[in-house]
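Asks: If you scroll down you'll find the structure; I have some questions about it.
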Amino acid sequence: MEIIIAVAVCIAVYFVQQAVYRKRWSEHLEVSIEFDEDHVSIGDTAHLTEIVCNDKGLPLPSFHIKFNTSRTFTFPDNKNAKITDCYHRNDGFSIMGHQKITRKLEFVTSRRGYYDISGVNITAMDFFMTGSYARKLANSSHVYVLPDRVDNAAMEPVCDTLMGEFIARKSIVEDRYSFRGIREYMTGDPMNAINWKATARAGELAVNMYDRSADQKICIMLSMDTESMIRQEYIRELSIRIAGSVAEFFISHHVPVSLETNGKDVVTGNSEKVPFGASDIHMLNIDRCLARIDCDETSDFSDVVDGMLRNKSTEITYIIVSSYCKEDLLIKLDYAVENGASVYMISPNFDIAMPKLARKYIYDMGVILDDV
């Protein structure tokens with residue numbers, strides 16, 4: 001009789017605990033996976049923090065967190081992981097009631113990009129390990145892996161030349177909003193500088209004088225188009241690194257820089273722009289924009305160039321970074337130069353496929369294929 005009662009009690013306990021777990025296993029349960037850093041560089045060591053808080057009396061003897069992240073991350077501890085197109089991780093916990101567990105996972109970055117963990121799958125089992133329960137939770141955490149810079153030996157000659165051209169132009173460009181006075185007309189003065197009212201009063205030609213512009217800016221226009229039939233991804237990534245290196249160079253000299261590109265943002269799906277700025281925070285915003293570029297999704301770069309042609313300003317020097325440099329693009333840039341725009345182009349291509357470009361504003365940046 002006692003055995004029968006014991007068996008009946010066990011059966012009752014089993015079904016009761018099963019019903020309790022089915023109803024309450026996810027109550028007052030908080031799970032989050034957070035990147036500790038907002039942004040890191042390629043090759044840096046970063047960290048993920050797993051937090052599980054079971055704020056109820058019911059223990060979870062077998063609890064698992066499953067999530068996916070980028071396979072470009074290298075985790076030293078892979079015993080709970082599987083790597084396919086993503087890095088799939090399954091971490092197990094045993095959590096008592098009213099307990100909080102925090103774990104840190106270390107990893108090393110290897111590729112530029114924007115990486116997020118937007119969802120987490122959790123599973124739990126009841127006390128007798130017979131019932132299994134699962135749920136998907138929203139999660140919101142991301143990290144930027146910022147692009148590398150191009151080696152100084154390759155970039156310094158180009159940047160120094162661009163800075164020289166920039167300073168020379170800055171000294172000769174007049175600011176039409178800074179009127180300084182009127183003087184007599186001299187041979188060579190442009191007709192649009194003549195002040196006709198002053199001329200009528202004086203009975204001889206007089207021209208307006210303006211102060212030199214002190215607010216020259218740099219607009220970097222980055223194209224993800226390429227002519228290369230080999231290692232296209234490398235050339236595109238190199239173009240991104242060049243754009244970041246040029247921006248950093250001018251910002252370090254306190255020159256306001258903006259960025260436009262035809263590469264689409266992996267988050268918004270649009271070709272984003274970064275307005276002018278010259279602070280360290282602004283450089284970080286440019287790097288974040290570069291990190292989020294999807295090289296395989298682009299809009300028409302000619303739209304970016306057409307926007308420059310419509311809104312070109314004598315206060316802005318335009319630096320185009322583009323591996324693609326065929327006539328359809330160069331004709332538009334020639335037109336801009338002929339109409340007074342300050343335009344320069346940096347064109348990275350493999351040395352075996354360098355196009356012959358007879359333009360003074362183009363700087364060829366040859367890449368040795370054997371070194372890649």
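Identifiers for the structure tokens are assigned positionally: chains receive A, B, ... in sequence, residues are indexed from 1 per chain, and ligands are indexed from 1 in the order shown.
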So which residues touch Gly119 of chain A within 12 Å, counting only C-alpha atoms, skipping near sequence neighbours fewer than 4 positions away, as an MDAnalysis selection string?
Replies: chainID A and resid 31:34 65:69 135:142
Asks: At a cut-off of 12 Å, can you tabulate as CSV every residue of segment 272-337 of chain A near segment 228-245 of chain A together with its closest atom pair and the distance in Å to one decimal, using only C-alpha atoms and ordering rows by chain then number?
Replies:
```
residue,atom,partner,partner_atom,distance
A:His282,CA,A:Gly244,CA,11.8
A:Met283,CA,A:Gly244,CA,8.5
A:Leu284,CA,A:Gly244,CA,9.9
A:Asn285,CA,A:Gly244,CA,10.7
A:Ile286,CA,A:Gly244,CA,7.4
A:Asp287,CA,A:Gly244,CA,6.6
A:Arg288,CA,A:Gly244,CA,10.1
A:Cys289,CA,A:Gly244,CA,10.0
A:Leu290,CA,A:Ile240,CA,6.5
A:Ala291,CA,A:Ile240,CA,8.6
A:Arg292,CA,A:Ile240,CA,10.7
A:Ile293,CA,A:Ile240,CA,8.7
A:Asp294,CA,A:Arg236,CA,10.1
A:Cys295,CA,A:Arg236,CA,6.8
A:Asp296,CA,A:Glu233,CA,8.8
A:Glu297,CA,A:Arg236,CA,11.8
A:Thr298,CA,A:Arg236,CA,11.6
A:Ile319,CA,A:Ala243,CA,9.0
A:Ile320,CA,A:Ala243,CA,8.8
A:Val321,CA,A:Ser239,CA,6.4
A:Ser322,CA,A:Ser239,CA,6.8
A:Ser323,CA,A:Ile235,CA,7.3
A:Tyr324,CA,A:Ser228,CA,8.2
A:Cys325,CA,A:Ser228,CA,10.8
A:Lys326,CA,A:Ser228,CA,11.8
```
Asks: Kindly assemble as a tab-separated table a list of the segment 283-320 of chain A residues that lie within 10 Å of segment 155-170 of chain A, each paired with its nearest atom pair and their distance in Å to one decimal, using only C-alpha atoms, sorted first by chain and then by ascending residue number.
Replies:
```
residue	atom	partner	partner_atom	distance
A:Thr314	CA	A:Arg169	CA	9.2
A:Glu315	CA	A:Lys170	CA	8.1
A:Ile316	CA	A:Phe166	CA	9.5
A:Thr317	CA	A:Phe166	CA	7.2
A:Ile319	CA	A:Leu162	CA	8.8
```
Asks: How far is it from atom CA of Asp280 of chain A to atom CA of Gly263 of chain A, in Å with one decimal?
Replies: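 One can read the atom CA of Asp280 of chain A to atom CA of Gly263 of chain A distance as 23.3 Å.
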Asks: Could you pull out the residues in segment 41-184 of chain A that DSSP calls helix (DSSP H, G or I) from the backbone, as a list in words?
Replies: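 The helix (DSSP H, G or I) residues within segment 41-184 of chain A come out as Asn152, Ala153, Ala154, Met155, Glu156, Pro157, Val158, Cys159, Asp160, Thr161, Leu162, Met163, Gly164, Glu165, Phe166, Ile167, Ala168, Arg169, Lys170, Ser171 and Ile172 of chain A.
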Asks: May I ask which of the residues A:Thr109, A:Pro61, A:Asp116, A:Asp265 is the closest one to Thr130 of chain A, counting only C-alpha atoms?
Replies: A:Pro61
Asks: Using only C-alpha atoms, which of the listed residues (A:Asp55, A:Asp148, A:Asp36, A:Asp85) sits closest to Leu105 of chain A?
Replies: A:Asp36
Asks: What gap, in Å, lies between atom CA of Asp300 of chain A and atom CA of Glu327 of chain A?
Replies: 15.3 Å
Asks: Give the answer as one residue: which of A:Tyr335, A:Phe127, A:Tyr363, A:Tyr185 has the shortest atom-to-atom distance to Ala19 of chain A, using only C-alpha atoms?
Replies: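 Of all the options, A:Phe127 lies closest to Ala19 of chain A.
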Asks: Restricting the calculation to only C-alpha atoms, which member of A:Asn262, A:Ala206, A:Pro275, A:Thr199 is positioned closest to Arg183 of chain A?
Replies: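 When distances to Arg183 of chain A are compared using only C-alpha atoms, the smallest one comes from A:Ala206.
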Asks: When distances are computed from only C-alpha atoms, which of A:Ala12, A:Leu60, A:Ile117, A:Leu146 shows the smallest separation from Asp44 of chain A?
Replies: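 Among the listed residues, the smallest separation from Asp44 of chain A belongs to A:Leu146.
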Asks: Within 9 Å of segment 93-97 of chain A, counting only C-alpha atoms, which residues qualify if same-chain residues fewer than 3 places away don't, as a ChimeraX atom specification?
Replies: /A:52-65,100-101
Asks: Write the residues you've just listed into a file as a compact mmCIF listing (two decimals), in the first residue's frame, and include N, CA and C atoms for each of them.
Replies:
```txt
# COMPACT_ATOMS: atom_id res chain seq x y z
N VAL A 52 21.62 36.43 -17.70
CA VAL A 52 20.37 35.71 -17.44
C VAL A 52 19.94 36.01 -16.02
N CYS A 53 18.73 36.51 -15.88
CA CYS A 53 18.20 36.85 -14.55
C CYS A 53 16.87 36.12 -14.36
N ASN A 54 16.85 35.18 -13.43
CA ASN A 54 15.64 34.41 -13.12
C ASN A 54 15.07 34.93 -11.81
N ASP A 55 14.19 35.94 -11.89
CA ASP A 55 13.69 36.62 -10.70
C ASP A 55 12.37 36.01 -10.23
N LYS A 56 12.38 34.71 -10.00
CA LYS A 56 11.23 34.00 -9.42
C LYS A 56 11.76 32.81 -8.62
N GLY A 57 10.91 32.20 -7.84
CA GLY A 57 11.36 31.11 -7.00
C GLY A 57 11.60 29.82 -7.75
N LEU A 58 11.01 29.67 -8.93
CA LEU A 58 11.12 28.43 -9.69
C LEU A 58 12.48 28.30 -10.35
N PRO A 59 13.28 27.27 -10.01
CA PRO A 59 14.60 27.11 -10.64
C PRO A 59 14.48 26.58 -12.06
N LEU A 60 15.52 26.83 -12.84
CA LEU A 60 15.60 26.29 -14.20
C LEU A 60 16.86 25.44 -14.26
N PRO A 61 16.72 24.15 -13.99
CA PRO A 61 17.91 23.28 -13.89
C PRO A 61 18.65 23.11 -15.21
N SER A 62 17.93 23.23 -16.31
CA SER A 62 18.57 23.13 -17.64
C SER A 62 18.03 24.24 -18.53
N PHE A 63 18.88 25.21 -18.76
CA PHE A 63 18.47 26.40 -19.53
C PHE A 63 19.53 26.68 -20.59
N HIS A 64 19.10 26.98 -21.83
CA HIS A 64 20.04 27.20 -22.93
C HIS A 64 19.72 28.51 -23.66
N ILE A 65 20.77 29.21 -24.03
CA ILE A 65 20.68 30.41 -24.86
C ILE A 65 21.32 30.09 -26.21
N LYS A 100 21.01 35.62 -10.73
CA LYS A 100 21.46 36.30 -11.93
C LYS A 100 22.85 35.77 -12.30
N ILE A 101 23.00 35.40 -13.57
CA ILE A 101 24.28 34.87 -14.04
C ILE A 101 24.79 35.76 -15.18
```
Asks: For each of A:Val267, A:Arg71, A:Leu309, A:Pro348, take the minimum atom-to-atom distance to Lys332 of chain A, counting only C-alpha atoms, then give the residue where this is smallest.
Replies: A:Leu309
Asks: How many Å separate atom CA of Tyr361 of chain A from atom CA of Ile346 of chain A?
Replies: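 Straight-line distance from atom CA of Tyr361 of chain A to atom CA of Ile346 of chain A works out to 8.7 Å.
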Asks: Just asking: which residues within segment 241-371 of chain A are strand (DSSP E or B) according to DSSP, as a PyMOL selection string?
Replies: chain A and resi 257-261+263-265+273-277+293-298+316-321+342-350+362-367
Asks: Suppose we keep N, CA, C and O atoms; can you now write the selection as a compact mmCIF listing (two decimals), in the first residue's frame?
Replies:
```txt
# COMPACT_ATOMS: atom_id res chain seq x y z
N VAL A 257 35.08 67.95 -43.48
CA VAL A 257 34.98 66.88 -44.48
C VAL A 257 33.57 66.31 -44.47
O VAL A 257 32.96 66.14 -43.42
N SER A 258 33.06 66.03 -45.68
CA SER A 258 31.79 65.30 -45.80
C SER A 258 32.04 64.04 -46.63
O SER A 258 33.08 63.90 -47.28
N LEU A 259 31.07 63.13 -46.61
CA LEU A 259 31.20 61.87 -47.35
C LEU A 259 29.90 61.55 -48.07
O LEU A 259 28.82 61.64 -47.48
N GLU A 260 30.02 61.19 -49.35
CA GLU A 260 28.89 60.68 -50.12
C GLU A 260 29.34 59.40 -50.81
O GLU A 260 30.50 59.28 -51.21
N THR A 261 28.44 58.45 -50.96
CA THR A 261 28.79 57.18 -51.60
C THR A 261 27.57 56.58 -52.28
O THR A 261 26.43 56.89 -51.92
N GLY A 263 27.44 53.27 -52.27
CA GLY A 263 27.28 52.02 -51.55
C GLY A 263 26.10 52.11 -50.60
O GLY A 263 25.93 53.11 -49.89
N LYS A 264 25.27 51.10 -50.57
CA LYS A 264 24.07 51.15 -49.74
C LYS A 264 24.35 50.71 -48.30
O LYS A 264 25.16 49.83 -48.05
N ASP A 265 23.65 51.35 -47.39
CA ASP A 265 23.79 51.07 -45.97
C ASP A 265 23.09 49.75 -45.64
O ASP A 265 21.95 49.53 -46.03
N LYS A 273 24.66 59.77 -46.53
CA LYS A 273 25.61 60.87 -46.60
C LYS A 273 26.01 61.28 -45.19
O LYS A 273 25.21 61.18 -44.26
N VAL A 274 27.23 61.75 -45.05
CA VAL A 274 27.69 62.33 -43.79
C VAL A 274 27.99 63.79 -44.06
O VAL A 274 28.80 64.10 -44.93
N PRO A 275 27.34 64.72 -43.36
CA PRO A 275 27.55 66.15 -43.62
C PRO A 275 28.94 66.61 -43.18
O PRO A 275 29.73 65.84 -42.62
N PHE A 276 29.24 67.88 -43.41
CA PHE A 276 30.56 68.42 -43.09
C PHE A 276 30.79 68.49 -41.59
O PHE A 276 29.89 68.75 -40.81
N GLY A 277 32.04 68.24 -41.22
CA GLY A 277 32.46 68.34 -39.83
C GLY A 277 33.95 68.11 -39.75
O GLY A 277 34.58 67.61 -40.70
N ILE A 293 28.68 50.08 -45.11
CA ILE A 293 28.50 49.97 -46.57
C ILE A 293 28.43 48.51 -46.99
O ILE A 293 29.29 47.70 -46.62
N ASP A 294 27.43 48.18 -47.77
CA ASP A 294 27.30 46.86 -48.39
C ASP A 294 27.88 46.95 -49.79
O ASP A 294 27.30 47.58 -50.68
N CYS A 295 29.03 46.33 -49.99
CA CYS A 295 29.73 46.45 -51.29
C CYS A 295 28.95 45.83 -52.44
O CYS A 295 29.17 46.17 -53.59
N ASP A 296 28.04 44.90 -52.13
CA ASP A 296 27.30 44.21 -53.18
C ASP A 296 26.00 44.91 -53.56
O ASP A 296 25.35 44.53 -54.53
N GLU A 297 25.62 45.93 -52.80
CA GLU A 297 24.39 46.66 -53.08
C GLU A 297 24.74 48.13 -53.30
O GLU A 297 25.17 48.81 -52.37
N THR A 298 24.56 48.60 -54.53
CA THR A 298 24.94 49.98 -54.84
C THR A 298 23.84 50.67 -55.63
O THR A 298 23.01 50.03 -56.28
N ILE A 316 34.17 74.23 -51.96
CA ILE A 316 34.32 72.79 -51.74
C ILE A 316 35.31 72.20 -52.73
O ILE A 316 35.23 72.46 -53.93
N THR A 317 36.23 71.41 -52.22
CA THR A 317 37.10 70.59 -53.06
C THR A 317 36.55 69.17 -53.06
O THR A 317 36.34 68.58 -51.99
N TYR A 318 36.31 68.62 -54.24
CA TYR A 318 35.70 67.30 -54.37
C TYR A 318 36.79 66.27 -54.64
O TYR A 318 37.56 66.39 -55.61
N ILE A 319 36.86 65.25 -53.80
CA ILE A 319 37.83 64.16 -53.98
C ILE A 319 37.05 62.89 -54.26
O ILE A 319 36.33 62.38 -53.39
N ILE A 320 37.17 62.39 -55.48
CA ILE A 320 36.48 61.17 -55.88
C ILE A 320 37.41 59.98 -55.67
O ILE A 320 38.55 60.00 -56.13
N VAL A 321 36.94 58.98 -54.96
CA VAL A 321 37.68 57.72 -54.80
C VAL A 321 36.93 56.67 -55.61
O VAL A 321 35.82 56.27 -55.25
N SER A 342 36.69 72.39 -58.18
CA SER A 342 37.97 71.80 -57.76
C SER A 342 37.76 70.31 -57.56
O SER A 342 37.15 69.88 -56.58
N VAL A 343 38.24 69.51 -58.51
CA VAL A 343 37.97 68.07 -58.52
C VAL A 343 39.28 67.31 -58.60
O VAL A 343 40.16 67.63 -59.41
N TYR A 344 39.41 66.28 -57.76
CA TYR A 344 40.55 65.36 -57.81
C TYR A 344 40.01 63.94 -57.68
O TYR A 344 38.97 63.72 -57.07
N MET A 345 40.74 63.00 -58.24
CA MET A 345 40.27 61.62 -58.25
C MET A 345 41.42 60.69 -57.87
O MET A 345 42.52 60.79 -58.41
N ILE A 346 41.14 59.78 -56.93
CA ILE A 346 42.09 58.73 -56.56
C ILE A 346 41.54 57.43 -57.11
O ILE A 346 40.41 57.03 -56.79
N SER A 347 42.32 56.77 -57.96
CA SER A 347 41.83 55.58 -58.64
C SER A 347 42.71 54.37 -58.31
O SER A 347 43.80 54.22 -58.85
N PRO A 348 42.24 53.48 -57.41
CA PRO A 348 43.00 52.26 -57.10
C PRO A 348 42.65 51.13 -58.06
O PRO A 348 41.48 50.81 -58.27
N ASN A 349 43.67 50.54 -58.66
CA ASN A 349 43.48 49.41 -59.56
C ASN A 349 44.72 48.54 -59.51
O ASN A 349 45.81 49.00 -59.15
N PHE A 350 44.57 47.27 -59.88
CA PHE A 350 45.72 46.38 -59.96
C PHE A 350 46.66 46.85 -61.05
O PHE A 350 46.23 47.34 -62.10
N ILE A 362 43.66 63.22 -61.91
CA ILE A 362 43.59 61.82 -61.48
C ILE A 362 44.92 61.37 -60.89
O ILE A 362 45.98 61.59 -61.48
N TYR A 363 44.85 60.72 -59.73
CA TYR A 363 46.02 60.13 -59.09
C TYR A 363 45.85 58.61 -59.14
O TYR A 363 44.97 58.05 -58.47
N ASP A 364 46.68 57.96 -59.95
CA ASP A 364 46.63 56.50 -60.04
C ASP A 364 47.28 55.87 -58.80
O ASP A 364 48.39 56.24 -58.42
N MET A 365 46.58 54.93 -58.20
CA MET A 365 47.14 54.20 -57.06
C MET A 365 47.22 52.74 -57.46
O MET A 365 46.27 51.97 -57.31
N GLY A 366 48.34 52.35 -58.02
CA GLY A 366 48.53 50.98 -58.50
C GLY A 366 48.67 50.01 -57.35
O GLY A 366 49.35 50.27 -56.37
N VAL A 367 47.99 48.86 -57.47
CA VAL A 367 48.06 47.79 -56.47
C VAL A 367 48.75 46.61 -57.11
O VAL A 367 48.33 46.12 -58.18
```
